[in-house]
$ cat input-v2.txt   # compact mmCIF, C-alpha atoms
# COMPACT_ATOMS: atom_id res chain seq x y z
CA MET Z 535 109.33 13.23 50.17
CA SER Z 536 106.58 14.70 48.10
CA SER Z 537 108.11 13.49 44.90
CA CYS Z 538 108.28 9.99 46.25
CA ALA Z 539 104.58 9.93 47.28
CA LYS Z 540 102.27 7.94 44.99
CA GLU Z 541 99.22 9.60 43.45
CA LYS Z 542 95.80 8.25 44.47
CA PRO Z 543 94.06 6.54 41.59
CA GLY Z 544 90.92 8.54 40.43
CA ILE Z 545 87.39 7.19 39.59
CA THR Z 546 87.45 5.44 36.29
CA TRP Z 547 84.85 6.04 33.53
CA GLU Z 548 83.53 2.51 33.88
CA GLN Z 549 82.75 3.07 37.54
CA GLU Z 550 81.17 6.50 36.83
CA ARG Z 551 79.09 5.11 33.95
CA GLU Z 552 77.63 2.34 36.08
CA ALA Z 553 76.74 4.78 38.87
CA THR Z 554 75.22 7.23 36.41
CA THR Z 555 73.19 4.48 34.70
CA ALA Z 556 71.90 3.25 38.05
CA SER Z 557 70.87 6.80 39.00
CA ILE Z 558 69.04 7.24 35.70
CA GLU Z 559 67.19 3.95 36.12
CA ALA Z 560 66.19 4.91 39.66
CA ILE Z 561 64.91 8.27 38.42
CA LYS Z 562 62.90 6.54 35.66
CA VAL Z 563 61.33 4.13 38.13
CA SER Z 564 60.46 7.04 40.37
CA GLN Z 565 58.94 8.94 37.44
CA ASP Z 566 56.89 5.90 36.38
CA ARG Z 567 55.58 5.57 39.92
CA VAL Z 568 54.64 9.26 40.00
CA ASP Z 569 52.96 9.01 36.57
CA ALA Z 570 50.94 6.02 37.73
CA GLU Z 571 49.82 7.87 40.84
CA VAL Z 572 48.89 10.94 38.77
CA GLN Z 573 46.91 8.78 36.31
CA ALA Z 574 45.09 7.01 39.13
CA ASN Z 575 44.21 10.31 40.77
CA THR Z 576 43.08 11.70 37.42
CA LEU Z 577 40.76 8.72 36.91
CA LYS Z 578 39.31 9.20 40.36
CA LEU Z 579 38.70 12.88 39.63
CA ASP Z 580 37.09 11.98 36.30
CA GLU Z 581 34.79 9.49 38.03
CA LEU Z 582 33.82 12.07 40.64
CA ASP Z 583 33.20 14.67 37.95
CA ALA Z 584 31.10 12.19 35.96
CA LEU Z 585 28.99 11.38 39.03
CA LYS Z 586 28.52 15.06 39.75
CA VAL Z 587 27.54 15.76 36.14
CA SER Z 588 25.15 12.78 36.07
CA LYS Z 589 23.45 13.90 39.29
CA ARG Z 590 23.21 17.43 37.97
CA LEU Z 591 21.64 16.22 34.73
CA LYS Z 592 19.06 14.17 36.64
CA ASP Z 593 18.19 17.17 38.77
CA LEU Z 594 17.85 19.35 35.69
CA GLU Z 595 15.64 16.75 33.94
CA LYS Z 596 13.36 16.62 36.97
CA VAL Z 597 13.10 20.41 37.06
CA ASN Z 598 12.46 20.46 33.32
CA ARG Z 599 9.61 17.94 33.58
CA THR Z 600 8.02 19.91 36.40
CA GLN Z 601 8.28 23.18 34.51
CA GLN Z 602 6.93 21.57 31.32
CA ALA Z 603 3.91 20.23 33.17
CA GLN Z 604 3.23 23.67 34.62
CA ILE Z 605 3.67 25.28 31.20
CA ASP Z 606 1.22 22.82 29.60
CA ALA Z 607 -1.33 23.45 32.33
CA LEU Z 608 -1.00 27.24 32.15
CA THR Z 609 -1.12 27.21 28.33
CA ALA Z 610 -4.33 25.22 28.38
CA ARG Z 611 -5.76 27.59 30.95
CA ILE Z 612 -4.90 30.64 28.83
CA GLU Z 613 -6.44 29.08 25.73
CA LYS Z 614 -9.62 28.41 27.68
CA PHE Z 615 -9.98 32.09 28.47
CA HIS Z 616 -9.77 32.94 24.75
CA ARG Z 617 -12.40 30.39 23.75
CA LYS Z 618 -16.09 31.10 23.78
CA ARG Z 619 -17.65 28.78 26.30
CA ARG Z 620 -20.86 27.03 25.36
CA VAL Z 621 -23.53 25.93 27.81
CA ILE Z 622 -23.75 22.15 27.81
CA PRO Z 623 -27.24 20.80 28.43
CA LYS Z 624 -27.59 18.12 31.03
CA PRO Z 625 -27.68 14.70 29.43
CA VAL Z 626 -31.05 12.98 29.33
CA VAL Z 627 -30.98 9.73 31.25
CA LYS Z 628 -32.15 6.92 28.98
CA PRO Z 629 -32.78 3.30 29.89
CA VAL Z 630 -29.83 1.07 29.13
CA PRO Z 631 -30.58 -1.53 26.43
CA GLU Z 632 -30.27 -5.15 27.42
CA ALA Z 633 -27.35 -5.63 25.02
CA GLU Z 634 -25.35 -2.96 26.85
CA GLN Z 635 -26.23 -3.87 30.43
CA GLY Z 636 -22.94 -5.71 30.83
CA VAL Z 637 -20.87 -2.57 30.05
CA PRO Z 638 -19.52 -0.84 33.19
CA SER Z 639 -21.26 2.46 33.83
CA MET Z 640 -18.43 4.07 35.84
CA HIS Z 641 -15.99 6.24 33.96
CA ARG Z 642 -13.29 6.05 36.61
CA THR Z 643 -12.07 3.67 39.27
CA THR Z 644 -13.24 5.85 42.16
CA PRO Z 645 -16.73 7.42 42.36
CA VAL Z 646 -17.18 11.18 42.34
CA LYS Z 647 -18.18 12.46 45.75
CA ALA Z 648 -21.48 14.31 46.10
CA PRO Z 649 -21.00 18.10 46.38
CA GLU Z 650 -21.42 19.52 49.87
CA THR Z 651 -23.05 22.85 50.68
CA PRO Z 652 -20.20 25.28 51.43
CA PRO Z 653 -20.37 27.37 54.60
CA VAL Z 654 -21.07 31.09 54.40
CA THR Z 655 -17.79 33.02 54.19
CA THR Z 656 -16.77 36.63 53.71
CA LYS Z 657 -15.39 38.00 50.44
CA SER Z 658 -11.81 37.98 51.71
CA GLU Z 659 -12.16 34.38 52.88
CA GLN Z 660 -13.68 33.39 49.55
CA PHE Z 661 -10.80 35.00 47.68
CA THR Z 662 -8.24 33.21 49.88
CA ASP Z 663 -10.04 29.88 49.58
CA ARG Z 664 -10.26 30.12 45.79
CA GLY Z 665 -6.59 30.93 45.50
CA ALA Z 666 -5.62 28.06 47.79
CA GLN Z 667 -7.92 25.64 45.94
CA ALA Z 668 -6.53 26.67 42.56
CA GLU Z 669 -2.99 26.14 43.82
CA ALA Z 670 -3.88 22.77 45.37
CA GLU Z 671 -5.57 21.61 42.17
CA LYS Z 672 -2.57 22.67 40.06
CA ASN Z 673 -0.18 20.83 42.38
CA ALA Z 674 -2.31 17.66 42.29
CA TYR Z 675 -2.52 17.79 38.49
CA THR Z 676 1.22 18.41 38.11
CA ALA Z 677 2.13 15.51 40.41
CA ALA Z 678 -0.14 13.07 38.53
CA TYR Z 679 1.11 14.32 35.15
CA LEU Z 680 4.75 13.86 36.15
CA ALA Z 681 3.98 10.35 37.42
CA LEU Z 682 2.46 9.50 34.03
CA LYS Z 683 5.43 10.88 32.09
CA SER Z 684 7.82 8.96 34.37
CA GLY Z 685 6.04 5.66 33.71
CA ARG Z 686 4.49 5.34 37.19
CA PHE Z 687 1.04 4.56 35.80
CA ASP Z 688 -0.60 3.31 39.00
CA GLU Z 689 0.48 6.44 40.84
CA ALA Z 690 -0.73 8.61 37.95
CA SER Z 691 -4.11 6.87 37.89
CA ARG Z 692 -4.60 7.42 41.62
CA GLY Z 693 -3.49 11.04 41.30
CA PHE Z 694 -5.89 11.94 38.48
CA ASN Z 695 -8.77 10.14 40.19
CA GLU Z 696 -8.14 11.91 43.49
CA GLN Z 697 -7.91 15.25 41.69
CA LEU Z 698 -11.28 14.64 40.00
CA ASP Z 699 -12.80 13.56 43.31
CA VAL Z 700 -11.74 16.77 45.06
CA PHE Z 701 -12.04 19.15 42.07
CA PRO Z 702 -14.67 17.64 39.72
CA ASP Z 703 -15.34 21.05 38.12
CA GLY Z 704 -11.82 22.44 38.49
CA GLU Z 705 -9.74 24.35 35.99
CA TYR Z 706 -7.73 21.24 35.08
CA ALA Z 707 -10.56 18.70 35.15
CA ASP Z 708 -10.73 18.29 31.36
CA GLN Z 709 -6.99 17.65 31.13
CA ALA Z 710 -7.14 15.24 34.07
CA TRP Z 711 -9.82 13.22 32.24
CA PHE Z 712 -7.74 13.16 29.05
CA TRP Z 713 -4.49 12.11 30.72
CA LEU Z 714 -6.38 9.55 32.77
CA GLY Z 715 -7.40 8.02 29.43
CA GLU Z 716 -3.75 7.94 28.34
CA THR Z 717 -2.85 6.30 31.65
CA ARG Z 718 -5.50 3.63 31.09
CA ILE Z 719 -4.09 2.88 27.64
CA SER Z 720 -0.66 2.35 29.20
CA GLN Z 721 -2.28 0.00 31.71
CA GLN Z 722 -3.98 -1.94 28.87
CA ALA Z 723 -7.42 -0.96 30.26
CA LEU Z 724 -8.77 0.13 26.89
CA GLU Z 725 -12.44 0.17 27.88
CA ASN Z 726 -11.74 2.51 30.81
CA ALA Z 727 -9.61 4.65 28.50
CA LEU Z 728 -12.50 4.93 26.06
CA HIS Z 729 -14.83 6.07 28.87
CA ALA Z 730 -12.34 8.77 29.92
CA PHE Z 731 -11.90 10.15 26.40
CA LYS Z 732 -15.65 10.03 25.81
CA TYR Z 733 -16.20 12.12 28.93
CA VAL Z 734 -13.92 14.80 27.51
CA ALA Z 735 -15.64 14.65 24.10
CA ASP Z 736 -19.15 14.89 25.58
CA HIS Z 737 -18.63 17.38 28.42
CA TYR Z 738 -15.75 19.68 27.40
CA PRO Z 739 -16.33 20.91 23.82
CA ASP Z 740 -14.11 23.97 24.43
CA SER Z 741 -11.22 21.99 25.92
CA VAL Z 742 -7.84 22.10 24.23
CA LYS Z 743 -7.93 18.31 24.44
CA HIS Z 744 -11.34 17.94 22.73
CA ALA Z 745 -9.97 17.20 19.25
CA ALA Z 746 -7.33 14.84 20.64
CA ALA Z 747 -10.01 12.99 22.65
CA LEU Z 748 -12.10 12.46 19.49
CA LEU Z 749 -9.07 11.12 17.65
CA LYS Z 750 -8.32 8.71 20.52
CA LEU Z 751 -11.94 7.53 20.50
CA GLY Z 752 -11.71 6.78 16.79
CA GLN Z 753 -8.45 4.88 17.20
CA LEU Z 754 -9.72 2.85 20.16
CA SER Z 755 -12.94 2.04 18.27
CA GLU Z 756 -10.88 0.78 15.34
CA MET Z 757 -8.83 -1.40 17.70
CA SER Z 758 -12.07 -3.01 18.92
CA ASN Z 759 -13.27 -3.50 15.29
CA SER Z 760 -16.07 -0.92 15.73
CA LYS Z 761 -15.50 0.65 12.33
CA LYS Z 762 -18.84 2.45 12.28
CA ALA Z 763 -18.22 4.10 15.65
CA ALA Z 764 -14.67 5.02 14.59
CA ALA Z 765 -15.95 6.66 11.40
CA GLY Z 766 -18.44 8.64 13.49
CA TYR Z 767 -15.73 10.00 15.80
CA TYR Z 768 -13.44 10.86 12.89
CA SER Z 769 -16.27 12.67 11.09
CA ARG Z 770 -17.11 14.56 14.27
CA LEU Z 771 -13.48 15.65 14.64
CA ILE Z 772 -13.38 16.88 11.03
CA ASN Z 773 -16.66 18.80 11.39
CA GLU Z 774 -16.00 20.33 14.83
CA HIS Z 775 -12.29 21.07 14.39
CA PRO Z 776 -11.74 21.60 10.65
CA GLU Z 777 -8.64 23.76 11.16
CA SER Z 778 -7.00 21.41 13.64
CA THR Z 779 -3.88 19.52 12.60
CA LEU Z 780 -5.54 16.38 13.95
CA ALA Z 781 -8.31 16.76 11.35
CA GLU Z 782 -5.84 15.64 8.68
CA GLN Z 783 -5.16 12.42 10.57
CA ALA Z 784 -8.89 11.88 10.99
CA GLN Z 785 -9.47 12.38 7.23
CA ALA Z 786 -6.78 9.84 6.35
CA ALA Z 787 -8.14 7.30 8.85
CA LEU Z 788 -11.71 7.85 7.62
CA ALA Z 789 -10.60 7.35 4.00
CA ASP Z 790 -8.95 4.03 4.95
CA ILE Z 791 -12.13 2.84 6.67
CA GLN Z 792 -14.27 3.78 3.68
CA LYS Z 793 -11.86 2.04 1.31
CA VAL Z 794 -11.99 -1.18 3.34
CA GLU Z 795 -15.79 -1.05 3.56
CA SER Z 796 -16.11 -0.52 -0.21
CA ALA Z 797 -13.85 -3.48 -0.88
CA LEU Z 798 -15.88 -5.69 1.49
CA GLU Z 799 -19.18 -4.63 -0.09
CA LYS Z 800 -17.83 -5.36 -3.56
CA LYS Z 801 -16.60 -8.78 -2.46
CA GLN Z 802 -19.96 -9.58 -0.85
CA ASP Z 803 -21.82 -8.54 -3.98
CA GLU Z 804 -19.67 -10.74 -6.16
CA SER Z 805 -20.09 -13.75 -3.86
CA SER Z 806 -23.87 -13.37 -3.34
CA PRO Z 807 -26.11 -16.23 -4.73
CA GLU Z 808 -28.25 -13.81 -6.76
CA LYS Z 809 -25.21 -12.39 -8.49
CA LYS Z 810 -23.94 -15.88 -9.28
CA SER Z 811 -27.30 -16.97 -10.69
CA ASP Z 812 -27.51 -13.88 -12.87
CA SER Z 813 -24.01 -14.37 -14.22
CA SER Z 814 -24.59 -18.09 -14.91
CA GLY Z 815 -27.85 -17.30 -16.71
CA GLU Z 816 -26.10 -14.77 -18.91
CA LYS Z 817 -23.45 -17.37 -19.77
CA ARG Z 818 -26.07 -19.98 -20.71
CA GLN Z 819 -27.91 -17.46 -22.82
CA GLY Z 820 -24.69 -16.60 -24.63
CA LYS Z 821 -23.98 -20.27 -25.44
CA ASN Z 822 -27.54 -21.24 -26.57
CA PRO Z 823 -29.23 -18.12 -27.93
CA SER Z 824 -32.93 -18.54 -28.74
CA VAL Z 825 -33.74 -17.33 -32.29
CA GLU Z 826 -37.29 -16.23 -32.82
CA LYS Z 827 -38.89 -17.10 -36.17
CA PRO Z 828 -40.38 -14.26 -38.10
CA GLN Z 829 -44.14 -14.15 -38.12
$ encode --input "input-v2.txt" --output "C-alpha cells"
Amino acid sequence: MSSCAKEKPGITWEQEREATTASIEAIKVSQDRVDAEVQANTLKLDELDALKVSKRLKDLEKVNRTQQAQIDALTARIEKFHRKRRVIPKPVVKPVPEAEQGVPSMHRTTPVKAPETPPVTTKSEQFTDRGAQAEAEKNAYTAAYLALKSGRFDEASRGFNEQLDVFPDGEYADQAWFWLGETRISQQALENALHAFKYVADHYPDSVKHAAALLKLGQLSEMSNSKKAAAGYYSRLINEHPESTLAEQAQAALADIQKVESALEKKQDESSPEKKSDSSGEKRQGKNPSVEKPQ
C-alpha cells in the first residue's frame, strides 16, 4: 500500500521566489516608513534645539548688555576717584544778545527740580539713605543706558532726564548728560544734543566723558557749518587732553578745517577787485613800458 501511494508535490522554486521577493519588498516599505518617521522626529528635535539655543542666546545677550553697562558705570566711577577734582566756579549770568534770543535756553526736555532741604537724620539713617540712593541712581542709569543701546531712544531719553531730575549731582550725572546727547543725535535733535555735550564740557572737566564731549561738540559744530566754533572745541580738546586718543582725531579735523579756510582765503584774494586791478596794471605796464629820457 505504501509503495502505491503518490508523493505530495513540494513547493517549487518559482513559488518560493515570489513569496521571498514579496517579503523583501514589504520589509523595505516598512524600513522606508520607519526612516521617514525617524527623519521627521529628528527634524522636530532639531527645531526644538534651535529654539532653545536661540532663546538661550537672547538671554545671554541681555545679561551681557546689563553687565557691560554696570562695568562701564563702575569703571567711570573708579577713574573719578583717581582724578584730582577741580572746583568749578559758578557761571556768571550774562544778558543774552538779541541775535541769540531765539535759541532755547533749556538743556533738557524736563526742567531740573529745585533742591529741597533734607530732614535731620541720624548717622545710621544717613548711611542707609546714601547707599539706597546710590543703588537707585545706578539702576536708573543702567536702565536708560540699556534702552539707548537697544535702540529705544524715547525710553532712553525719558530715563536719563528722570535720572537727572532725581539725582542732578549724582555719581553718574556726567555720563547721563553725555549719553543723553547721544540719544538726541539718534533722534535727529542736534541742537539739544549740542546743549547736552556742552553741559558736560563746561561742568565736568574731570569726567571720563569730557574729551569725548568736546569731540562731539566739534563734530556737531562742523555739521552746522560753524567752522570757527568747531576749531575752538578741537583746540580745547588738544590742549586739555593732549594724551587722549581722541586728541589725534581732533588734530586731524582741525588740520582739515584750516586747510579749507586757507583755500577759501586764497580764492577770495585772487578774486578781489583790488587784486584784479593790480594784476591788470602790471600787464599794461609790461606791454607799454615808459622809457625816461636821460637828462
$ atom_distance --input "input-v2.txt" --atom1 "atom CA of Tyr767 of chain Z" --atom2 "atom CA of Phe694 of chain Z"
24.8 Å
$ closest_residue --input "input-v2.txt" --among "Z:Val587, Z:Ala765, Z:Ala735, Z:Val597" --to "Glu795 of chain Z" --atoms "all atoms listed in the file"
Z:Ala765
$ closest_residue --input "input-v2.txt" --among "Z:Tyr738, Z:Phe731, Z:Tyr706, Z:Phe687" --to "Ala668 of chain Z" --atoms "all atoms listed in the file"
Z:Tyr706
$ closest_residue --input "input-v2.txt" --among "Z:Asp663, Z:Asp740, Z:Glu696, Z:Glu782" --to "Tyr768 of chain Z" --atoms "only C-alpha atoms"
Z:Glu782
$ residues_around --input "input-v2.txt" --residues "Thr676 of chain Z" --least-positions-apart "6" --cutoff "8 Å" --atoms "all atoms listed in the file" --output "mmCIF file with C-alpha atoms, in the coordinates of the input"
data_model
loop_
_atom_site.group_PDB
_atom_site.id
_atom_site.type_symbol
_atom_site.label_atom_id
_atom_site.label_comp_id
_atom_site.auth_asym_id
_atom_site.auth_seq_id
_atom_site.Cartn_x
_atom_site.Cartn_y
_atom_site.Cartn_z
ATOM 1 C CA THR Z 600 8.020 19.910 36.400
ATOM 2 C CA ALA Z 603 3.910 20.230 33.170
ATOM 3 C CA GLN Z 604 3.230 23.670 34.620
#
